[in-house]
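> Structure file coords.cif (mmCIF, C-alpha atoms and all ligand atoms) right here:
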```
data_my_file
#
loop_
_atom_site.label_atom_id
_atom_site.label_comp_id
_atom_site.auth_asym_id
_atom_site.auth_seq_id
_atom_site.Cartn_x
_atom_site.Cartn_y
_atom_site.Cartn_z
CA MET A 1309 -36.17 0.78 16.34
CA LEU A 1310 -33.26 3.09 15.53
CA THR A 1311 -34.22 5.96 13.27
CA ILE A 1312 -31.87 7.46 10.71
CA GLY A 1313 -31.50 10.56 8.57
CA LEU A 1314 -29.70 9.85 5.31
CA LEU A 1315 -27.34 12.57 4.11
CA GLY A 1316 -26.53 11.71 0.49
CA CYS A 1317 -29.08 10.04 -1.81
CA GLY A 1318 -26.85 8.77 -4.61
CA ASN A 1319 -25.63 5.24 -5.25
CA ILE A 1320 -25.06 4.13 -1.62
CA GLY A 1321 -28.14 6.03 -0.42
CA ASN A 1322 -30.26 4.06 -2.90
CA ILE A 1323 -28.79 0.74 -1.78
CA ILE A 1324 -29.41 1.61 1.89
CA VAL A 1325 -33.02 2.56 1.20
CA LYS A 1326 -33.68 -0.63 -0.77
CA ASN A 1327 -31.89 -3.03 1.63
CA HIS A 1328 -31.95 -1.58 5.14
CA VAL A 1329 -32.69 -3.97 8.00
CA GLY A 1330 -33.54 -3.12 11.62
CA VAL A 1331 -33.59 0.68 11.18
CA GLU A 1332 -36.21 3.15 10.01
CA ILE A 1333 -35.24 5.92 7.58
CA VAL A 1334 -37.19 9.05 8.49
CA ALA A 1335 -35.37 11.95 6.79
CA LEU A 1336 -33.40 12.46 3.57
CA PHE A 1337 -31.12 15.22 2.31
CA ASP A 1338 -29.08 15.65 -0.86
CA GLN A 1339 -27.68 18.68 -2.63
CA MET A 1340 -29.76 17.43 -5.58
CA PRO A 1341 -33.21 17.71 -3.94
CA GLY A 1342 -34.83 15.57 -6.66
CA ARG A 1343 -32.74 12.57 -5.55
CA ALA A 1344 -33.94 12.91 -1.94
CA GLU A 1345 -37.54 13.23 -3.12
CA GLU A 1346 -37.23 10.13 -5.30
CA LEU A 1347 -35.89 8.06 -2.40
CA GLY A 1348 -38.61 9.54 -0.18
CA ARG A 1349 -41.24 8.11 -2.54
CA LEU A 1350 -39.59 4.69 -2.21
CA CYS A 1351 -39.30 4.51 1.58
CA GLY A 1352 -41.83 7.00 2.93
CA ALA A 1353 -39.20 9.23 4.58
CA ARG A 1354 -39.45 13.04 4.32
CA ALA A 1355 -37.07 14.73 1.90
CA PHE A 1356 -35.54 18.08 2.83
CA ALA A 1357 -33.88 20.68 0.62
CA ASN A 1358 -32.70 22.63 3.68
CA ILE A 1359 -30.00 21.04 5.88
CA GLU A 1360 -31.13 22.83 9.04
CA GLU A 1361 -34.66 21.45 8.67
CA PHE A 1362 -33.17 17.99 8.05
CA PHE A 1363 -31.11 18.16 11.27
CA ASN A 1364 -34.10 19.46 13.24
CA GLN A 1365 -36.11 16.28 12.61
CA GLU A 1366 -36.31 13.68 15.35
CA PHE A 1367 -34.04 10.74 14.58
CA ASP A 1368 -31.09 8.97 16.20
CA ILE A 1369 -28.31 8.80 13.62
CA VAL A 1370 -27.11 10.83 10.64
CA VAL A 1371 -25.80 8.46 7.98
CA GLU A 1372 -23.42 10.34 5.70
CA ALA A 1373 -23.08 8.77 2.23
CA ALA A 1374 -22.36 11.91 0.22
CA SER A 1375 -18.75 13.10 -0.15
CA VAL A 1376 -15.59 13.94 1.79
CA SER A 1377 -16.52 17.62 1.63
CA ALA A 1378 -20.05 16.90 2.95
CA ALA A 1379 -18.57 14.96 5.88
CA HIS A 1380 -16.34 17.95 6.64
CA GLN A 1381 -19.20 20.37 6.27
CA TYR A 1382 -21.90 18.61 8.31
CA ALA A 1383 -20.30 16.25 10.86
CA MET A 1384 -20.05 18.81 13.69
CA ALA A 1385 -23.60 20.04 13.09
CA ALA A 1386 -24.93 16.47 13.21
CA LEU A 1387 -23.46 15.94 16.70
CA GLU A 1388 -24.56 19.40 17.85
CA HIS A 1389 -28.12 18.48 16.86
CA GLY A 1390 -27.94 15.50 19.22
CA LYS A 1391 -27.39 12.80 16.60
CA ASP A 1392 -24.87 9.99 16.43
CA LEU A 1393 -23.01 9.82 13.14
CA VAL A 1394 -22.05 7.19 10.56
CA VAL A 1395 -19.38 8.48 8.15
CA MET A 1396 -18.90 6.69 4.85
CA SER A 1397 -16.64 9.39 3.39
CA VAL A 1398 -14.00 8.62 6.01
CA GLY A 1399 -11.41 10.49 3.93
CA ALA A 1400 -12.59 13.58 5.82
CA PHE A 1401 -10.74 12.18 8.85
CA ALA A 1402 -7.37 12.44 7.11
CA ASP A 1403 -7.51 16.01 8.44
CA GLU A 1404 -6.14 15.36 11.94
CA GLY A 1405 -7.26 18.66 13.44
CA PHE A 1406 -10.81 18.13 12.21
CA ARG A 1407 -10.83 14.54 13.46
CA GLU A 1408 -9.63 15.53 16.93
CA ASP A 1409 -12.12 18.40 17.20
CA LEU A 1410 -14.96 16.09 16.15
CA ASN A 1411 -13.91 13.42 18.66
CA ASP A 1412 -13.67 16.04 21.43
CA LEU A 1413 -17.15 17.29 20.59
CA ALA A 1414 -18.55 13.74 20.54
CA ARG A 1415 -16.96 13.03 23.95
CA ARG A 1416 -18.38 16.25 25.41
CA LEU A 1417 -21.87 15.55 24.06
CA GLY A 1418 -21.81 11.80 24.74
CA ARG A 1419 -22.31 10.99 21.05
CA ARG A 1420 -20.84 8.19 18.88
CA ILE A 1421 -19.13 8.30 15.48
CA TYR A 1422 -19.11 5.09 13.41
CA VAL A 1423 -16.84 4.34 10.45
CA PRO A 1424 -18.02 1.31 8.41
CA SER A 1425 -15.49 -1.20 7.07
CA GLY A 1426 -16.45 0.03 3.61
CA ALA A 1427 -14.90 -1.58 0.55
CA ILE A 1428 -12.34 -3.78 2.35
CA PHE A 1429 -11.98 -6.70 4.74
CA GLY A 1430 -9.59 -6.76 7.67
CA LEU A 1431 -10.11 -3.51 9.61
CA ASP A 1432 -11.04 -5.51 12.71
CA ASN A 1433 -7.71 -7.07 13.62
CA LEU A 1434 -5.69 -4.28 12.01
CA LYS A 1435 -6.63 -2.34 15.17
CA ILE A 1436 -3.92 -4.32 16.97
CA GLY A 1437 -1.60 -1.72 15.41
CA GLN A 1438 -2.77 0.62 18.17
CA ILE A 1439 -1.08 -1.56 20.80
CA SER A 1440 1.52 -3.61 18.91
CA GLY A 1441 4.13 -2.83 16.26
CA ILE A 1442 3.22 -2.78 12.56
CA SER A 1443 6.30 -2.30 10.41
CA LYS A 1444 4.62 -2.27 6.99
CA LEU A 1445 1.13 -1.29 5.86
CA LEU A 1446 0.56 -0.96 2.13
CA LEU A 1447 -2.67 -0.58 0.19
CA ARG A 1448 -2.51 -1.24 -3.55
CA SER A 1449 -5.81 -0.25 -5.19
CA THR A 1450 -6.54 -0.95 -8.85
CA LYS A 1451 -9.62 0.22 -10.69
CA ASN A 1452 -10.82 0.36 -14.25
CA PRO A 1453 -10.18 3.87 -15.65
CA ARG A 1454 -13.99 4.29 -15.90
CA SER A 1455 -14.17 4.07 -12.09
CA LEU A 1456 -11.55 6.80 -11.89
CA ASN A 1457 -13.31 9.00 -14.43
CA MET A 1458 -10.35 8.93 -16.82
CA GLU A 1459 -9.05 7.18 -19.92
CA THR A 1460 -5.92 5.10 -20.44
CA THR A 1461 -5.13 2.09 -22.62
CA GLU A 1462 -2.48 0.58 -20.32
CA ARG A 1463 -1.95 -0.16 -16.61
CA THR A 1464 -0.90 3.20 -15.13
CA LEU A 1465 0.33 4.16 -11.65
CA LEU A 1466 -1.63 7.29 -10.73
CA PHE A 1467 -0.35 7.82 -7.20
CA SER A 1468 2.27 6.44 -4.85
CA GLY A 1469 2.63 7.93 -1.38
CA GLN A 1470 0.76 8.44 1.87
CA ALA A 1471 -2.97 7.99 2.38
CA ASN A 1472 -3.59 11.49 3.73
CA GLU A 1473 -2.11 12.93 0.51
CA CYS A 1474 -3.82 10.42 -1.81
CA ILE A 1475 -7.32 11.20 -0.50
CA ARG A 1476 -6.81 14.88 -1.38
CA HIS A 1477 -6.35 13.93 -5.04
CA TYR A 1478 -8.84 11.03 -5.19
CA PRO A 1479 -11.60 11.71 -2.62
CA LYS A 1480 -14.10 9.46 -4.45
CA ASN A 1481 -11.76 6.46 -4.68
CA THR A 1482 -9.41 6.13 -1.70
CA ASN A 1483 -11.50 6.48 1.46
CA VAL A 1484 -10.46 2.93 2.34
CA SER A 1485 -6.85 4.08 2.77
CA VAL A 1486 -7.89 6.49 5.52
CA ALA A 1487 -10.04 3.82 7.19
CA LEU A 1488 -6.96 1.59 7.31
CA GLU A 1489 -4.94 4.45 8.81
CA LEU A 1490 -7.52 5.10 11.53
CA ALA A 1491 -7.79 1.41 12.41
CA ALA A 1492 -4.03 0.79 12.56
CA GLY A 1493 -3.20 4.13 14.17
CA ARG A 1494 -0.29 4.62 11.79
CA PRO A 1495 0.38 5.94 8.25
CA VAL A 1496 -0.57 3.85 5.22
CA GLU A 1497 1.43 3.69 2.00
CA VAL A 1498 -0.88 3.79 -1.02
CA GLU A 1499 -0.47 2.83 -4.66
CA LEU A 1500 -3.39 3.71 -6.92
CA TRP A 1501 -3.46 2.07 -10.34
CA ALA A 1502 -5.76 2.51 -13.34
CA ASP A 1503 -5.98 -0.69 -15.38
CA PRO A 1504 -8.29 -1.13 -18.37
CA ALA A 1505 -7.92 -4.92 -18.04
CA VAL A 1506 -9.74 -5.11 -14.67
CA ASP A 1507 -13.49 -4.96 -14.27
CA ARG A 1508 -13.40 -5.03 -10.44
CA ASN A 1509 -12.27 -2.55 -7.80
CA VAL A 1510 -9.28 -4.45 -6.42
CA HIS A 1511 -7.75 -3.66 -3.01
CA GLU A 1512 -4.59 -5.51 -1.91
CA ILE A 1513 -3.56 -4.90 1.70
CA ILE A 1514 -0.11 -5.99 2.84
CA ILE A 1515 0.57 -5.94 6.57
CA GLU A 1516 3.72 -6.90 8.50
CA GLY A 1517 4.21 -6.57 12.22
CA ASP A 1518 4.94 -8.18 15.57
CA PHE A 1519 1.96 -10.53 14.98
CA GLY A 1520 3.40 -11.91 11.69
CA GLU A 1521 2.30 -11.10 8.13
CA ALA A 1522 -1.03 -10.85 6.34
CA THR A 1523 -2.07 -10.23 2.75
CA ILE A 1524 -5.68 -9.51 1.91
CA THR A 1525 -6.97 -9.16 -1.65
CA VAL A 1526 -10.52 -7.97 -2.22
CA ARG A 1527 -11.89 -8.07 -5.78
CA ASN A 1528 -15.01 -5.99 -5.52
CA ARG A 1529 -17.93 -5.84 -7.91
CA THR A 1530 -18.73 -2.21 -8.67
CA SER A 1531 -22.05 -0.70 -7.52
CA PRO A 1532 -24.94 -0.46 -9.96
CA ASP A 1533 -25.01 3.35 -10.12
CA ASN A 1534 -21.40 4.35 -9.44
CA PRO A 1535 -18.43 2.29 -10.70
CA ALA A 1536 -16.06 4.17 -8.36
CA THR A 1537 -17.86 2.66 -5.38
CA SER A 1538 -17.67 -1.05 -4.63
CA TYR A 1539 -20.96 -2.81 -3.86
CA LEU A 1540 -19.29 -4.18 -0.70
CA ALA A 1541 -19.07 -0.64 0.70
CA ALA A 1542 -22.85 -0.27 0.55
CA LEU A 1543 -23.42 -3.74 2.03
CA SER A 1544 -21.02 -2.82 4.82
CA ILE A 1545 -22.98 0.25 5.90
CA VAL A 1546 -26.32 -1.62 5.76
CA THR A 1547 -24.76 -4.29 8.00
CA LEU A 1548 -23.30 -1.75 10.42
CA LEU A 1549 -26.75 -0.18 10.85
CA LYS A 1550 -28.35 -3.60 11.36
CA ASN A 1551 -25.87 -4.42 14.14
CA LEU A 1552 -25.97 -1.10 16.00
CA ALA A 1553 -28.94 -2.09 18.12
CA GLU A 1554 -27.58 -5.56 18.95
CA PRO A 1555 -26.17 -6.13 22.46
CA MET A 1556 -23.29 -8.35 21.24
CA ARG A 1557 -20.39 -6.95 19.19
CA VAL A 1558 -18.46 -9.43 17.03
CA GLY A 1559 -14.97 -8.59 15.80
CA THR A 1560 -12.30 -6.51 17.48
N1 LIG B 1 -15.36 4.14 3.09
C1 LIG B 1 -15.37 3.43 1.97
O1 LIG B 1 -14.88 2.31 1.89
C2 LIG B 1 -16.04 3.99 0.76
C3 LIG B 1 -16.53 5.27 0.75
N2 LIG B 1 -17.17 5.76 -0.34
C4 LIG B 1 -17.66 7.13 -0.29
O2 LIG B 1 -19.05 7.12 0.04
C5 LIG B 1 -19.66 8.31 -0.47
C6 LIG B 1 -20.96 7.98 -1.19
O3 LIG B 1 -20.69 7.13 -2.30
P1 LIG B 1 -21.75 6.97 -3.50
O4 LIG B 1 -23.12 6.89 -2.96
O5 LIG B 1 -21.25 5.90 -4.38
O6 LIG B 1 -21.57 8.40 -4.23
P2 LIG B 1 -22.61 9.11 -5.21
O7 LIG B 1 -21.84 10.20 -5.88
O8 LIG B 1 -23.31 8.10 -6.07
O9 LIG B 1 -23.73 9.74 -4.25
C7 LIG B 1 -23.44 10.80 -3.36
C8 LIG B 1 -24.63 11.73 -3.33
O10 LIG B 1 -24.37 12.75 -2.34
C9 LIG B 1 -24.47 14.03 -2.95
N3 LIG B 1 -23.57 14.98 -2.31
C10 LIG B 1 -22.24 15.15 -2.51
N4 LIG B 1 -21.78 16.15 -1.74
C11 LIG B 1 -22.84 16.64 -1.05
C12 LIG B 1 -23.02 17.70 -0.11
N5 LIG B 1 -22.00 18.49 0.25
N6 LIG B 1 -24.24 17.92 0.41
C13 LIG B 1 -25.30 17.15 0.02
N7 LIG B 1 -25.21 16.14 -0.88
C14 LIG B 1 -23.99 15.89 -1.40
C15 LIG B 1 -24.09 13.78 -4.40
O11 LIG B 1 -24.52 14.84 -5.24
P3 LIG B 1 -23.63 15.17 -6.59
O12 LIG B 1 -23.86 14.04 -7.54
O13 LIG B 1 -24.19 16.48 -7.04
O14 LIG B 1 -22.20 15.26 -6.13
C16 LIG B 1 -24.82 12.47 -4.66
O15 LIG B 1 -26.21 12.68 -4.90
C17 LIG B 1 -18.59 8.97 -1.36
O16 LIG B 1 -17.93 10.00 -0.66
C18 LIG B 1 -17.62 7.83 -1.64
O17 LIG B 1 -16.34 8.27 -1.96
C19 LIG B 1 -17.35 4.98 -1.44
C20 LIG B 1 -16.87 3.71 -1.48
C21 LIG B 1 -16.12 3.12 -0.41
O1 LIG B 2 -15.34 1.45 -3.26
C1 LIG B 2 -14.11 1.27 -3.33
O2 LIG B 2 -13.61 0.30 -3.92
C2 LIG B 2 -13.18 2.20 -2.63
C3 LIG B 2 -13.51 3.61 -2.73
O3 LIG B 2 -14.13 4.07 -3.66
C4 LIG B 2 -13.04 4.48 -1.66
O4 LIG B 2 -12.36 3.98 -0.76
O5 LIG B 2 -13.35 5.69 -1.70
#
```
Here is a file; write its structure as structure tokens.
Ligand SMILES: NC(=O)C1=CN([C@@H]2O[C@H](COP(=O)(O)OP(=O)(O)OC[C@H]3O[C@@H](n4cnc5c(N)ncnc54)[C@H](OP(=O)(O)O)[C@@H]3O)[C@@H](O)[C@H]2O)C=CC1
Ligand SMILES: O=C([O-])CC(=O)C(=O)O

Amino acid sequence: MLTIGLLGCGNIGNIIVKNHVGVEIVALFDQMPGRAEELGRLCGARAFANIEEFFNQEFDIVVEAASVSAAHQYAMAALEHGKDLVVMSVGAFADEGFREDLNDLARRLGRRIYVPSGAIFGLDNLKIGQISGISKLLLRSTKNPRSLNMETTERTLLFSGQANECIRHYPKNTNVSVALELAAGRPVEVELWADPAVDRNVHEIIIEGDFGEATITVRNRTSPDNPATSYLAALSIVTLLKNLAEPMRVGT
């Protein structure tokens, strides 16, 4: 069975620990050591307050579910310690230099980096953008102001522009935009709205290209412990882990 070390023991970490299938969690790390210890009591994994000790444990995959800055800080070290890597805070890969260096290192060391589909549907066939023209790719995300840690009484446009700029301002809310960019291999236009009338995290994806047109709307329930994060994102990472050991891959 694949063994994992969980880096980040907040909302998604909790959902992984309570729902994981087909993998064994053996090590836990969080900058709030109490959170790692609490999850350790639930699943029997060892909690570490020191990142070096965490990386030195024997397991196959580091699962990052912490923050964009944590992904930046620890991704290289994870590979250097002989682990594969699952990155939930994919916004870290908006930094092209970092992304290329990490890919080079993974190639050199024969390691894999996995990016879950997260809080959206449609990443699979969007990859055709790497070989065929896509003329328009727009993500319109709408969240309740509570999810964005702000207050407003009316629908408000917070950001309009490119994904790699948006993630700098909203690293806890727009990782999906960078996942779209990586899949399609081209820039993504992003609109981020705060709307007190919605109780879901809504992502509308509008795609036009040589293949035709597609519109995808995902109305996500929020997670129990973090309204910024859609429950789907946590389900997506649990599913990715479940499928890693399977011989057959479904979806492009
Ligand atoms: N790809 C996608 O589609 C999606 C990605 N995400 C991303 O997934 C990540 C996890 O989400 P979620 O579980 O809801 O977030 P939470 O804030 O609930 O949990 C993250 C945990 O990681 C800790 N943490 C943050 N930075 C570090 C660090 N540098 N080193 C160690 N621990 C750290 C946090 O501590 P503290 O509370 O002190 O910060 C917290 O305990 C976030 O980055 C989020 O933006 C979320 C939804 C969709
Ligand atoms: O969970 C969501 O709806 C999206 C999100 O926070 C992100 O992409 O960072």
> Tell me, as a PyMOL selection string, which residues lie within 10 Å of range 1357-1367 of chain A, counting all atoms listed in the file; anything in the same chain fewer than 3 positions away does not count.
chain A and resi 1310-1315+1332-1342+1344-1345+1354+1370+1382+1385-1392
> Mind pulling up the distance from CA of Glu1554 in chain A to atom O4 of ligand LIG 2 (chain B)?
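Computing the Euclidean distance for atom O4 of ligand LIG 2 (chain B) and CA of Glu1554 in chain A yields 26.7 Å.
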> Quick one: residues within 8 Å of Ile1421 in chain A, all atoms listed in the file, excluding same-chain residues fewer than 3 positions away - as an MDAnalysis selection string?
chainID A and resid 1392:1395 1411 1414
> With C-alpha atoms retained, could you export that selection as an mmCIF file, keeping the file's coordinate frame?

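And here is the file that came out, again_38.cif:
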```cif
data_model
loop_
_atom_site.group_PDB
_atom_site.id
_atom_site.type_symbol
_atom_site.label_atom_id
_atom_site.label_comp_id
_atom_site.auth_asym_id
_atom_site.auth_seq_id
_atom_site.Cartn_x
_atom_site.Cartn_y
_atom_site.Cartn_z
ATOM 1 C CA ASP A 1392 -24.870 9.990 16.430
ATOM 2 C CA LEU A 1393 -23.010 9.820 13.140
ATOM 3 C CA VAL A 1394 -22.050 7.190 10.560
ATOM 4 C CA VAL A 1395 -19.380 8.480 8.150
ATOM 5 C CA ASN A 1411 -13.910 13.420 18.660
ATOM 6 C CA ALA A 1414 -18.550 13.740 20.540
#
```
> Dump the neighbourhood of ligand LIG 2 (chain B) as a list in words: all residues within 7 Å, distances computed on all atoms listed in the file.
Ala1427, Pro1479, Lys1480, Asn1481, Thr1482, Asn1483, Val1484, Ser1485, Asn1509, Val1510, Asn1528, Ala1536, Thr1537, Ser1538 and Ala1541 of chain A
> Identify which of the residues A:Glu1521, A:Glu1346, A:Glu1372, A:Glu1512 lies closest to ligand LIG 1 (chain B), counting all atoms listed in the file when measuring atom-to-atom distances.
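Closest residue, counting all atoms listed in the file: A:Glu1372.
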> Take the point (0.1, 1.6, -6.1) as written in the file and pick out every residue within 8 Å of it, counting all atoms listed in the file; give the list as a ChimeraX atom specification.
/A:1447-1450,1465-1468,1498-1501
> For range 1321-1327 of chain A, work out the shell of residues within 7 Å, counting only C-alpha atoms and skipping chain neighbours fewer than 4 positions away, then give it as a list in words.
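Returned residues: Gly1316, Cys1317, Leu1347, Cys1351, Ala1373, Ala1542 and Val1546 of chain A.
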